[in-house]
>>> print(open('final27.tsv').read())   # TSV, C-alpha atoms
chain	number	residue	atom	x	y	z
A	1386	MET	CA	191.67	-57.52	129.81
A	1387	TRP	CA	194.47	-58.18	132.23
A	1388	GLU	CA	197.96	-57.76	130.80
A	1389	SER	CA	200.99	-59.49	132.25
A	1390	SER	CA	204.09	-57.49	133.12
A	1391	GLY	CA	206.03	-59.20	130.34
A	1392	GLU	CA	203.48	-58.18	127.74
A	1393	ARG	CA	203.51	-54.67	129.11
A	1394	ALA	CA	207.29	-54.56	128.86
A	1395	LEU	CA	207.05	-55.68	125.24
A	1396	ARG	CA	204.41	-53.11	124.48
A	1397	LEU	CA	206.50	-50.27	125.89
A	1398	TRP	CA	209.59	-50.82	123.71
A	1399	PRO	CA	209.14	-47.93	121.27
A	1400	TRP	CA	211.44	-49.08	118.52
A	1401	ARG	CA	209.43	-52.22	117.93
A	1402	LYS	CA	207.54	-51.78	114.69
A	1403	PRO	CA	203.93	-52.95	114.96
A	1404	ALA	CA	203.83	-56.49	113.64
A	1405	ALA	CA	201.60	-57.45	110.78
A	1406	SER	CA	198.15	-58.40	112.03
A	1407	GLY	CA	197.92	-62.00	113.07
A	1408	SER	CA	201.64	-62.69	113.50
A	1409	PRO	CA	202.75	-63.52	117.03
A	1410	MET	CA	205.32	-61.14	118.48
A	1411	THR	CA	207.69	-63.75	119.80
A	1412	SER	CA	210.95	-63.15	117.97
A	1413	PHE	CA	212.53	-59.73	117.86
A	1414	PRO	CA	216.20	-59.86	116.93
A	1415	SER	CA	216.13	-56.15	116.11
A	1416	ILE	CA	215.64	-55.30	119.79
A	1417	TRP	CA	218.85	-57.11	120.67
A	1418	GLU	CA	220.77	-55.32	117.92
A	1419	GLU	CA	219.41	-51.98	119.01
A	1420	ALA	CA	220.06	-52.74	122.69
A	1421	LEU	CA	223.61	-53.88	121.96
A	1422	ARG	CA	224.31	-50.71	120.01
A	1423	TRP	CA	223.20	-48.45	122.87
A	1424	HIS	CA	224.92	-50.68	125.41
A	1425	CYS	CA	228.24	-50.33	123.62
A	1426	LEU	CA	227.76	-46.57	123.35
A	1427	PHE	CA	227.66	-46.29	127.11
A	1428	GLY	CA	231.35	-46.86	127.68
A	1429	GLY	CA	233.88	-49.65	127.57
A	1430	TRP	CA	234.17	-52.63	129.89
A	1431	VAL	CA	235.21	-51.78	133.42
A	1432	PRO	CA	235.95	-54.67	135.76
A	1433	VAL	CA	234.09	-54.56	139.05
A	1434	GLY	CA	235.67	-56.01	142.14
A	1435	ASN	CA	238.15	-58.78	141.49
A	1436	GLY	CA	237.77	-58.76	137.75
A	1437	THR	CA	236.74	-62.39	137.56
A	1438	ASP	CA	233.08	-61.43	137.98
A	1439	SER	CA	230.76	-62.27	135.18
A	1440	LEU	CA	229.48	-59.47	132.96
A	1441	PRO	CA	229.17	-56.34	135.09
A	1442	PHE	CA	226.92	-53.33	134.73
A	1443	LEU	CA	229.08	-50.72	133.09
A	1444	GLN	CA	229.96	-47.90	135.43
A	1445	GLU	CA	229.00	-45.24	132.94
A	1446	LEU	CA	225.63	-46.91	132.40
A	1447	VAL	CA	225.03	-47.01	136.15
A	1448	SER	CA	226.01	-43.37	136.45
A	1449	LYS	CA	223.62	-42.32	133.70
A	1450	LEU	CA	220.83	-44.43	135.18
A	1451	LEU	CA	221.21	-42.76	138.56
A	1452	HIS	CA	221.53	-39.24	137.19
A	1453	LEU	CA	218.35	-39.74	135.19
A	1454	HIS	CA	216.39	-39.78	138.44
A	1455	PHE	CA	218.28	-37.36	140.64
A	1456	ARG	CA	216.15	-34.36	141.57
A	1457	ASP	CA	219.12	-32.09	142.18
A	1458	CYS	CA	221.43	-31.78	139.19
A	1459	LYS	CA	224.36	-31.07	141.50
A	1460	THR	CA	224.23	-34.55	143.03
A	1461	LYS	CA	227.32	-36.59	142.19
A	1462	VAL	CA	228.31	-40.19	142.82
A	1463	SER	CA	231.77	-41.24	144.01
A	1464	GLY	CA	233.69	-43.81	141.97
A	1465	ASP	CA	233.60	-46.39	144.74
A	1466	ALA	CA	229.85	-45.90	145.17
A	1467	LEU	CA	229.39	-46.42	141.42
A	1468	GLN	CA	231.29	-49.69	141.52
A	1469	LEU	CA	229.26	-50.83	144.51
A	1470	MET	CA	226.00	-49.85	142.81
A	1471	ALA	CA	226.97	-51.80	139.71
A	1472	GLU	CA	227.51	-54.82	141.92
A	1473	LEU	CA	224.18	-54.27	143.69
A	1474	LEU	CA	222.33	-54.11	140.38
A	1475	ARG	CA	224.09	-57.25	139.19
A	1476	ILE	CA	222.97	-59.05	142.35
A	1477	PHE	CA	219.44	-57.75	141.83
A	1478	VAL	CA	219.22	-59.19	138.33
A	1479	LEU	CA	220.83	-62.47	139.38
A	1480	ALA	CA	218.41	-62.77	142.31
A	1481	ALA	CA	215.47	-62.18	139.99
A	1482	ALA	CA	216.74	-64.66	137.41
A	1483	ARG	CA	217.60	-67.36	139.95
A	1484	GLY	CA	214.35	-66.87	141.83
A	1485	VAL	CA	212.44	-67.35	138.61
A	1486	CYS	CA	214.36	-70.57	137.88
A	1487	GLN	CA	213.60	-71.93	141.32
A	1488	ALA	CA	209.91	-71.19	140.94
A	1489	GLN	CA	209.98	-73.19	137.73
A	1490	ALA	CA	208.42	-76.65	137.68
A	1491	GLU	CA	211.01	-79.27	136.84
A	1492	ASP	CA	209.39	-80.67	133.74
A	1493	LEU	CA	209.19	-77.32	131.95
A	1494	ASP	CA	212.18	-76.08	129.96
A	1495	VAL	CA	211.16	-72.52	129.26
A	1496	VAL	CA	210.92	-70.04	132.12
A	1497	ASP	CA	207.95	-67.78	131.68
A	1498	VAL	CA	206.69	-64.53	133.15
A	1499	ASP	CA	204.30	-66.31	135.52
A	1500	GLN	CA	207.27	-67.46	137.59
A	1501	LEU	CA	208.54	-63.89	137.79
A	1502	GLU	CA	205.22	-62.75	139.17
A	1503	LYS	CA	205.57	-65.32	141.94
A	1504	VAL	CA	209.02	-64.17	143.02
A	1505	LEU	CA	208.63	-60.45	142.45
A	1506	PRO	CA	207.03	-59.55	145.81
A	1507	GLN	CA	209.81	-61.14	147.88
A	1508	LEU	CA	212.47	-59.73	145.55
A	1509	LEU	CA	211.22	-56.19	145.97
A	1510	LEU	CA	210.92	-56.65	149.73
A	1511	ASP	CA	214.54	-57.73	149.92
A	1512	PHE	CA	215.85	-54.69	148.06
B	1093	MET	CA	202.50	-42.58	108.05
B	1094	GLU	CA	205.81	-40.79	107.60
B	1095	GLU	CA	204.83	-38.23	110.21
B	1096	ALA	CA	204.04	-40.99	112.66
B	1097	GLU	CA	207.45	-42.57	112.06
B	1098	ALA	CA	209.25	-39.27	112.52
B	1099	GLU	CA	207.36	-38.72	115.75
B	1100	GLU	CA	208.31	-42.18	116.92
B	1101	GLN	CA	211.97	-41.45	116.22
B	1102	GLN	CA	211.76	-38.29	118.32
B	1103	ARG	CA	210.17	-40.19	121.15
B	1104	PHE	CA	213.15	-42.56	121.19
B	1105	SER	CA	214.81	-40.46	123.82
B	1106	HIS	CA	217.71	-40.80	126.22
B	1107	ARG	CA	215.46	-42.76	128.59
B	1108	GLN	CA	214.71	-45.42	126.01
B	1109	ARG	CA	218.36	-45.78	125.08
B	1110	LEU	CA	219.16	-46.41	128.73
B	1111	LYS	CA	216.38	-49.00	128.87
B	1112	ALA	CA	217.90	-50.69	125.85
B	1113	ALA	CA	221.32	-50.84	127.45
B	1114	VAL	CA	219.83	-52.27	130.65
B	1115	HIS	CA	217.88	-54.77	128.57
B	1116	TYR	CA	221.06	-56.03	126.94
B	1117	THR	CA	222.95	-56.37	130.22
B	1118	VAL	CA	220.02	-58.14	131.87
B	1119	GLY	CA	219.80	-60.45	128.87
B	1120	CYS	CA	223.44	-61.42	129.20
B	1121	LEU	CA	223.13	-62.05	132.94
B	1122	CYS	CA	219.99	-64.14	132.40
B	1123	GLN	CA	221.78	-66.13	129.73
B	1124	GLU	CA	224.50	-67.05	132.23
B	1125	VAL	CA	221.92	-68.17	134.79
B	1126	ALA	CA	220.12	-70.12	132.06
B	1127	LEU	CA	223.31	-71.96	131.16
B	1128	ASP	CA	223.99	-72.65	134.81
B	1129	LYS	CA	220.52	-73.98	135.62
B	1130	GLN	CA	219.96	-75.69	132.27
B	1131	VAL	CA	216.75	-73.80	131.49
B	1132	GLN	CA	215.70	-71.28	128.89
B	1133	PHE	CA	214.33	-67.83	129.60
B	1134	SER	CA	211.51	-66.63	127.43
B	1135	LYS	CA	212.06	-63.22	125.83
B	1136	GLN	CA	209.10	-61.86	127.76
B	1137	THR	CA	210.72	-62.86	131.04
B	1138	ILE	CA	213.96	-61.09	130.18
B	1139	ALA	CA	212.03	-58.01	129.10
B	1140	ALA	CA	210.06	-58.08	132.34
B	1141	ILE	CA	213.19	-58.44	134.50
B	1142	SER	CA	214.89	-55.56	132.72
B	1143	GLU	CA	211.79	-53.41	133.15
B	1144	VAL	CA	211.76	-54.18	136.88
B	1145	THR	CA	215.48	-53.40	137.11
B	1146	PHE	CA	215.01	-50.10	135.34
B	1147	ARG	CA	212.17	-49.15	137.68
B	1148	GLN	CA	214.16	-50.22	140.73
B	1149	CYS	CA	217.00	-47.92	139.63
B	1150	GLU	CA	214.63	-44.99	140.02
B	1151	ASN	CA	213.93	-45.98	143.64
B	1152	PHE	CA	217.65	-46.48	144.28
B	1153	ALA	CA	218.59	-43.12	142.80
B	1154	LYS	CA	216.01	-41.19	144.80
B	1155	ASP	CA	216.94	-42.99	148.01
B	1156	LEU	CA	220.66	-42.37	147.47
B	1157	GLU	CA	220.09	-38.69	146.89
B	1158	MET	CA	217.97	-38.44	150.05
B	1159	PHE	CA	220.57	-40.33	152.09
B	1160	ALA	CA	223.32	-37.97	150.97
B	1161	ARG	CA	221.27	-34.85	151.68
B	1162	HIS	CA	220.03	-36.23	154.99
B	1163	SER	CA	223.56	-36.74	156.25
B	1164	GLY	CA	223.63	-33.04	157.01
B	1165	ASP	CA	220.48	-33.09	159.16
B	1166	CYS	CA	221.81	-34.26	162.47
B	1167	PHE	CA	221.65	-32.70	165.90
B	1168	CYS	CA	225.25	-33.39	166.84
B	1169	PRO	CA	226.51	-30.51	168.99
B	1170	LEU	CA	230.16	-31.30	168.44
B	1171	ARG	CA	230.46	-30.64	164.75
B	1172	ARG	CA	228.34	-29.38	161.95
B	1173	HIS	CA	228.02	-31.67	158.95
B	1174	ALA	CA	227.54	-30.05	155.61
B	1175	LYS	CA	224.79	-31.56	153.48
B	1176	ARG	CA	226.51	-33.85	151.05
B	1177	SER	CA	225.98	-33.61	147.34
B	1178	THR	CA	228.16	-36.63	146.60
B	1179	VAL	CA	226.73	-40.10	147.09
B	1180	THR	CA	229.20	-42.35	148.91
B	1181	THR	CA	229.52	-46.07	149.60
B	1182	GLU	CA	227.86	-45.57	152.99
B	1183	ASP	CA	224.70	-44.46	151.20
B	1184	VAL	CA	224.85	-47.50	148.93
B	1185	LYS	CA	225.22	-49.76	151.97
B	1186	LEU	CA	222.06	-48.21	153.40
B	1187	LEU	CA	220.24	-49.32	150.26
B	1188	ALA	CA	221.09	-52.93	151.06
B	1189	ARG	CA	219.75	-52.79	154.64
B	1190	ARG	CA	216.58	-54.83	154.11
B	1191	SER	CA	218.19	-58.25	153.84
B	1192	ASN	CA	220.91	-59.31	156.28
B	1193	SER	CA	222.71	-61.55	153.80
B	1194	LEU	CA	222.61	-58.83	151.16
B	1195	LEU	CA	223.99	-56.23	153.58
B	1196	LYS	CA	226.80	-58.58	154.60
B	1197	TYR	CA	227.68	-59.28	150.96
B	1198	ILE	CA	227.65	-55.61	149.98
B	1199	THR	CA	229.78	-54.65	152.99
B	1200	GLU	CA	232.36	-57.28	152.07
B	1201	LYS	CA	232.29	-56.21	148.43
B	1202	ASN	CA	232.84	-52.62	149.52
B	1203	GLU	CA	235.96	-53.59	151.43
B	1204	GLU	CA	237.17	-55.60	148.43
B	1205	ILE	CA	236.69	-52.64	146.10
B	1206	ALA	CA	238.38	-50.25	148.52
B	1207	GLN	CA	241.33	-52.63	148.84
B	1208	LEU	CA	241.63	-53.01	145.05
B	1209	ASN	CA	241.53	-49.26	144.53
B	1210	LEU	CA	244.22	-48.76	147.18
B	1211	GLU	CA	246.43	-51.32	145.45
B	1212	ARG	CA	245.83	-49.69	142.09
B	1213	LYS	CA	246.77	-46.28	143.47
B	1214	ALA	CA	249.85	-47.71	145.14
B	1215	LYS	CA	250.93	-49.26	141.84
B	1216	LYS	CA	250.51	-45.95	140.04
B	1217	LYS	CA	252.56	-44.13	142.67
B	1218	ARG	CA	255.25	-46.76	142.74
B	1219	LYS	CA	255.99	-46.65	139.01
B	1220	PRO	CA	257.22	-43.03	138.73
B	1221	GLU	CA	259.01	-43.41	142.11
B	1222	ASP	CA	260.91	-46.41	140.80
B	1223	GLU	CA	261.98	-44.45	137.75
B	1224	ASN	CA	263.21	-41.58	139.95
B	1225	ARG	CA	265.17	-44.01	142.13
B	1226	ASP	CA	266.93	-45.47	139.08
B	1227	PHE	CA	267.92	-42.03	137.89
B	1228	MET	CA	269.26	-41.09	141.32
B	1229	GLU	CA	271.39	-44.23	141.50
B	1230	LEU	CA	272.76	-43.46	138.07
B	1231	ASP	CA	273.71	-39.96	139.19
B	1232	ALA	CA	275.38	-41.34	142.34
B	1233	ASP	CA	277.49	-43.69	140.22
B	1234	VAL	CA	278.54	-40.88	137.97
B	1235	VAL	CA	279.43	-38.65	140.91
B	1236	GLY	CA	281.29	-41.49	142.63
B	1237	SER	CA	283.42	-42.22	139.59
B	1238	ASP	CA	284.37	-38.57	139.17
B	1239	SER	CA	285.60	-38.17	142.74
>>> encode(input="final27.tsv", output="structure tokens")
Amino acid sequence: MWESSGERALRLWPWRKPAASGSPMTSFPSIWEEALRWHCLFGGWVPVGNGTDSLPFLQELVSKLLHLHFRDCKTKVSGDALQLMAELLRIFVLAAARGVCQAQAEDLDVVDVDQLEKVLPQLLLDF
Amino acid sequence: MEEAEAEEQQRFSHRQRLKAAVHYTVGCLCQEVALDKQVQFSKQTIAAISEVTFRQCENFAKDLEMFARHSGDCFCPLRRHAKRSTVTTEDVKLLARRSNSLLKYITEKNEEIAQLNLERKAKKKRKPEDENRDFMELDADVVGSDS
């Protein structure tokens, strides 16, 4: 059976306890609590750019994300590059979110994963 | 059952914590867009966007590392570049090369950040210098009054 990317993302979160059989897995406040806890552990707020930007990716989080995938452990990232990367990631998420909204039909209120699947190819080509 | 739970706890590794942090940030950004566009994002959509972002970070990281290392592989006869182990803003700008508008935005942002950092450094330098100047003027007054 074909599984959508959203369902796959839900399935992969390891801290989600298997729901009781029959109950739909639509609400999971515990994921937000868990996510917030780890988010706060990855450093305090650091303004990016002119400081009036909306919620930035934390520099420490960006640094850890990059270092997770570096092949050479000696590779470092300069402070300016970290700030720029945080901005790039912010743009990426905003582009994804806005693209999904635009693909949304006007009479529907809730944006679903189907719209994301429509915009994903162009999004990944642009980045 | 207890063994399974313990195993699950162990599997909750560094990688998953990072995913959780990304998930929260993505959720906040999506919430802002939702407010702006007067729509609601389903939880699955936010989860999917954060998964895509996390995956894209892997591509970014590997590219950045390659860009930095590659900077040493040039056939310039005039000077020898050492292979870099530090990723710089030039490497990040290379990441944004696929879309013209994105490259333009990132280049402008880079200049903004550089300017801000310069101002911040200038402020830090100015403060102790100001204090020194005050002390020196004080000494001059004292010396002047004695003579």
>>> closest_residue(input="final27.tsv", among="A:Ile1476, A:Val1485, A:Ala1471, A:Val1498", to="chain B", atoms="only C-alpha atoms")
A:Val1498
>>> residues_around(input="final27.tsv", residues="B:Glu1124", least_positions_apart="5", cutoff="12 Å", atoms="all atoms listed in the file", output="PDB file with C-alpha atoms, in the coordinates of the input")
ATOM      1  CA  ASP A1438     233.080 -61.430 137.980  1.00  0.00           C
ATOM      2  CA  SER A1439     230.760 -62.270 135.180  1.00  0.00           C
ATOM      3  CA  LEU A1440     229.480 -59.470 132.960  1.00  0.00           C
ATOM      4  CA  VAL A1478     219.220 -59.190 138.330  1.00  0.00           C
ATOM      5  CA  LEU A1479     220.830 -62.470 139.380  1.00  0.00           C
ATOM      6  CA  ALA A1482     216.740 -64.660 137.410  1.00  0.00           C
ATOM      7  CA  ARG A1483     217.600 -67.360 139.950  1.00  0.00           C
TER       8      ARG A1483
ATOM      9  CA  THR B1117     222.950 -56.370 130.220  1.00  0.00           C
ATOM     10  CA  VAL B1118     220.020 -58.140 131.870  1.00  0.00           C
ATOM     11  CA  GLY B1119     219.800 -60.450 128.870  1.00  0.00           C
ATOM     12  CA  LYS B1129     220.520 -73.980 135.620  1.00  0.00           C
ATOM     13  CA  GLN B1130     219.960 -75.690 132.270  1.00  0.00           C
ATOM     14  CA  VAL B1131     216.750 -73.800 131.490  1.00  0.00           C
ATOM     15  CA  GLN B1132     215.700 -71.280 128.890  1.00  0.00           C
ATOM     16  CA  PHE B1133     214.330 -67.830 129.600  1.00  0.00           C
TER      17      PHE B1133
END
>>> closest_residue(input="final27.tsv", among="A:Val1504, A:Ala1466, A:Leu1509, A:Leu1451", to="B:Leu1110", atoms="all atoms listed in the file")
A:Leu1451
>>> atom_distance(input="final27.tsv", atom1="atom CA of A:Met1470", atom2="atom CA of A:Val1496")
27.4 Å
>>> closest_residue(input="final27.tsv", among="B:Thr1137, B:Thr1199, B:Asn1192, B:Ser1142", to="chain A", atoms="all atoms listed in the file")
B:Thr1137
>>> closest_residue(input="final27.tsv", among="B:Leu1186, B:Asn1209, B:Leu1194, B:Asp1128", to="A:Gly1464", atoms="only C-alpha atoms")
B:Asn1209
>>> atom_distance(input="final27.tsv", atom1="atom CA of A:Val1447", atom2="atom CA of A:Cys1486")
25.9 Å
>>> residues_around(input="final27.tsv", residues="B:Asp1155", least_positions_apart="5", cutoff="10 Å", atoms="all atoms listed in the file", output="list in words")
Phe1455 of chain A; Cys1149, Glu1150, Ala1160, Arg1161, Asp1183, Val1184, Leu1186 and Leu1187 of chain B
>>> atom_distance(input="final27.tsv", atom1="atom CA of A:Lys1461", atom2="atom CA of B:Glu1157")
8.9 Å
>>> residues_around(input="final27.tsv", residues="B:Phe1159", least_positions_apart="2", cutoff="12 Å", atoms="all atoms listed in the file", output="VMD selection string")
(chain A and resid 1460) or (chain B and resid 1152 to 1157 1161 to 1165 1175 to 1187)
>>> residues_around(input="final27.tsv", residues="A:Leu1501", least_positions_apart="4", cutoff="8 Å", atoms="all atoms listed in the file", output="ChimeraX atom specification")
/A:1481,1484-1485,1497,1505 /B:1137,1141
>>> closest_residue(input="final27.tsv", among="A:Leu1467, A:Leu1453, A:Ala1480, A:Val1462", to="chain B", atoms="all atoms listed in the file")
A:Val1462
>>> residues_around(input="final27.tsv", residues="A:Phe1477", least_positions_apart="6", cutoff="9 Å", atoms="only C-alpha atoms", output="ChimeraX atom specification")
/A:1508,1512 /B:1145
>>> build_atoms(input="final27.tsv", residues="stretch 1139-1164 of chain B", atoms="N, CA and C atoms", output="PDB file, keeping the file's coordinate frame")
ATOM      1  N   ALA B1139     212.537 -59.380 129.233  1.00  0.00           N
ATOM      2  CA  ALA B1139     212.030 -58.010 129.100  1.00  0.00           C
ATOM      3  C   ALA B1139     211.425 -57.549 130.415  1.00  0.00           C
ATOM      4  N   ALA B1140     210.699 -58.449 131.077  1.00  0.00           N
ATOM      5  CA  ALA B1140     210.060 -58.080 132.340  1.00  0.00           C
ATOM      6  C   ALA B1140     211.103 -57.812 133.412  1.00  0.00           C
ATOM      7  N   ILE B1141     212.137 -58.647 133.486  1.00  0.00           N
ATOM      8  CA  ILE B1141     213.190 -58.440 134.500  1.00  0.00           C
ATOM      9  C   ILE B1141     213.902 -57.121 134.240  1.00  0.00           C
ATOM     10  N   SER B1142     214.173 -56.809 132.989  1.00  0.00           N
ATOM     11  CA  SER B1142     214.890 -55.560 132.720  1.00  0.00           C
ATOM     12  C   SER B1142     214.002 -54.351 133.011  1.00  0.00           C
ATOM     13  N   GLU B1143     212.697 -54.495 132.801  1.00  0.00           N
ATOM     14  CA  GLU B1143     211.790 -53.410 133.150  1.00  0.00           C
ATOM     15  C   GLU B1143     211.788 -53.177 134.656  1.00  0.00           C
ATOM     16  N   VAL B1144     211.735 -54.284 135.411  1.00  0.00           N
ATOM     17  CA  VAL B1144     211.760 -54.180 136.880  1.00  0.00           C
ATOM     18  C   VAL B1144     213.068 -53.547 137.344  1.00  0.00           C
ATOM     19  N   THR B1145     214.181 -53.960 136.733  1.00  0.00           N
ATOM     20  CA  THR B1145     215.480 -53.400 137.110  1.00  0.00           C
ATOM     21  C   THR B1145     215.515 -51.911 136.843  1.00  0.00           C
ATOM     22  N   PHE B1146     215.002 -51.516 135.679  1.00  0.00           N
ATOM     23  CA  PHE B1146     215.010 -50.100 135.340  1.00  0.00           C
ATOM     24  C   PHE B1146     214.183 -49.300 136.344  1.00  0.00           C
ATOM     25  N   ARG B1147     213.019 -49.833 136.700  1.00  0.00           N
ATOM     26  CA  ARG B1147     212.170 -49.150 137.680  1.00  0.00           C
ATOM     27  C   ARG B1147     212.847 -49.071 139.038  1.00  0.00           C
ATOM     28  N   GLN B1148     213.505 -50.171 139.418  1.00  0.00           N
ATOM     29  CA  GLN B1148     214.160 -50.220 140.730  1.00  0.00           C
ATOM     30  C   GLN B1148     215.285 -49.186 140.803  1.00  0.00           C
ATOM     31  N   CYS B1149     215.937 -48.927 139.663  1.00  0.00           N
ATOM     32  CA  CYS B1149     217.000 -47.920 139.630  1.00  0.00           C
ATOM     33  C   CYS B1149     216.469 -46.558 140.039  1.00  0.00           C
ATOM     34  N   GLU B1150     215.218 -46.282 139.663  1.00  0.00           N
ATOM     35  CA  GLU B1150     214.630 -44.990 140.020  1.00  0.00           C
ATOM     36  C   GLU B1150     214.521 -44.896 141.544  1.00  0.00           C
ATOM     37  N   ASN B1151     214.036 -45.979 142.175  1.00  0.00           N
ATOM     38  CA  ASN B1151     213.930 -45.980 143.640  1.00  0.00           C
ATOM     39  C   ASN B1151     215.305 -45.817 144.277  1.00  0.00           C
ATOM     40  N   PHE B1152     216.285 -46.557 143.743  1.00  0.00           N
ATOM     41  CA  PHE B1152     217.650 -46.480 144.280  1.00  0.00           C
ATOM     42  C   PHE B1152     218.185 -45.059 144.191  1.00  0.00           C
ATOM     43  N   ALA B1153     218.019 -44.449 143.019  1.00  0.00           N
ATOM     44  CA  ALA B1153     218.590 -43.120 142.800  1.00  0.00           C
ATOM     45  C   ALA B1153     217.983 -42.111 143.766  1.00  0.00           C
ATOM     46  N   LYS B1154     216.662 -42.151 143.915  1.00  0.00           N
ATOM     47  CA  LYS B1154     216.010 -41.190 144.800  1.00  0.00           C
ATOM     48  C   LYS B1154     216.419 -41.415 146.243  1.00  0.00           C
ATOM     49  N   ASP B1155     216.508 -42.685 146.647  1.00  0.00           N
ATOM     50  CA  ASP B1155     216.940 -42.990 148.010  1.00  0.00           C
ATOM     51  C   ASP B1155     218.363 -42.495 148.254  1.00  0.00           C
ATOM     52  N   LEU B1156     219.258 -42.767 147.304  1.00  0.00           N
ATOM     53  CA  LEU B1156     220.660 -42.370 147.470  1.00  0.00           C
ATOM     54  C   LEU B1156     220.772 -40.863 147.626  1.00  0.00           C
ATOM     55  N   GLU B1157     220.028 -40.153 146.809  1.00  0.00           N
ATOM     56  CA  GLU B1157     220.090 -38.690 146.890  1.00  0.00           C
ATOM     57  C   GLU B1157     219.611 -38.216 148.256  1.00  0.00           C
ATOM     58  N   MET B1158     218.509 -38.828 148.743  1.00  0.00           N
ATOM     59  CA  MET B1158     217.970 -38.440 150.050  1.00  0.00           C
ATOM     60  C   MET B1158     218.947 -38.776 151.158  1.00  0.00           C
ATOM     61  N   PHE B1159     219.605 -39.944 151.065  1.00  0.00           N
ATOM     62  CA  PHE B1159     220.570 -40.330 152.090  1.00  0.00           C
ATOM     63  C   PHE B1159     221.695 -39.311 152.173  1.00  0.00           C
ATOM     64  N   ALA B1160     222.194 -38.905 151.008  1.00  0.00           N
ATOM     65  CA  ALA B1160     223.320 -37.970 150.970  1.00  0.00           C
ATOM     66  C   ALA B1160     222.898 -36.619 151.559  1.00  0.00           C
ATOM     67  N   ARG B1161     221.716 -36.141 151.177  1.00  0.00           N
ATOM     68  CA  ARG B1161     221.270 -34.850 151.680  1.00  0.00           C
ATOM     69  C   ARG B1161     220.981 -34.922 153.167  1.00  0.00           C
ATOM     70  N   HIS B1162     220.430 -36.078 153.600  1.00  0.00           N
ATOM     71  CA  HIS B1162     220.030 -36.230 154.990  1.00  0.00           C
ATOM     72  C   HIS B1162     221.222 -36.250 155.926  1.00  0.00           C
ATOM     73  N   SER B1163     222.390 -36.615 155.391  1.00  0.00           N
ATOM     74  CA  SER B1163     223.560 -36.740 156.250  1.00  0.00           C
ATOM     75  C   SER B1163     223.901 -35.415 156.906  1.00  0.00           C
ATOM     76  N   GLY B1164     223.355 -34.322 156.399  1.00  0.00           N
ATOM     77  CA  GLY B1164     223.630 -33.040 157.010  1.00  0.00           C
ATOM     78  C   GLY B1164     222.640 -32.697 158.106  1.00  0.00           C
TER      79      GLY B1164
END
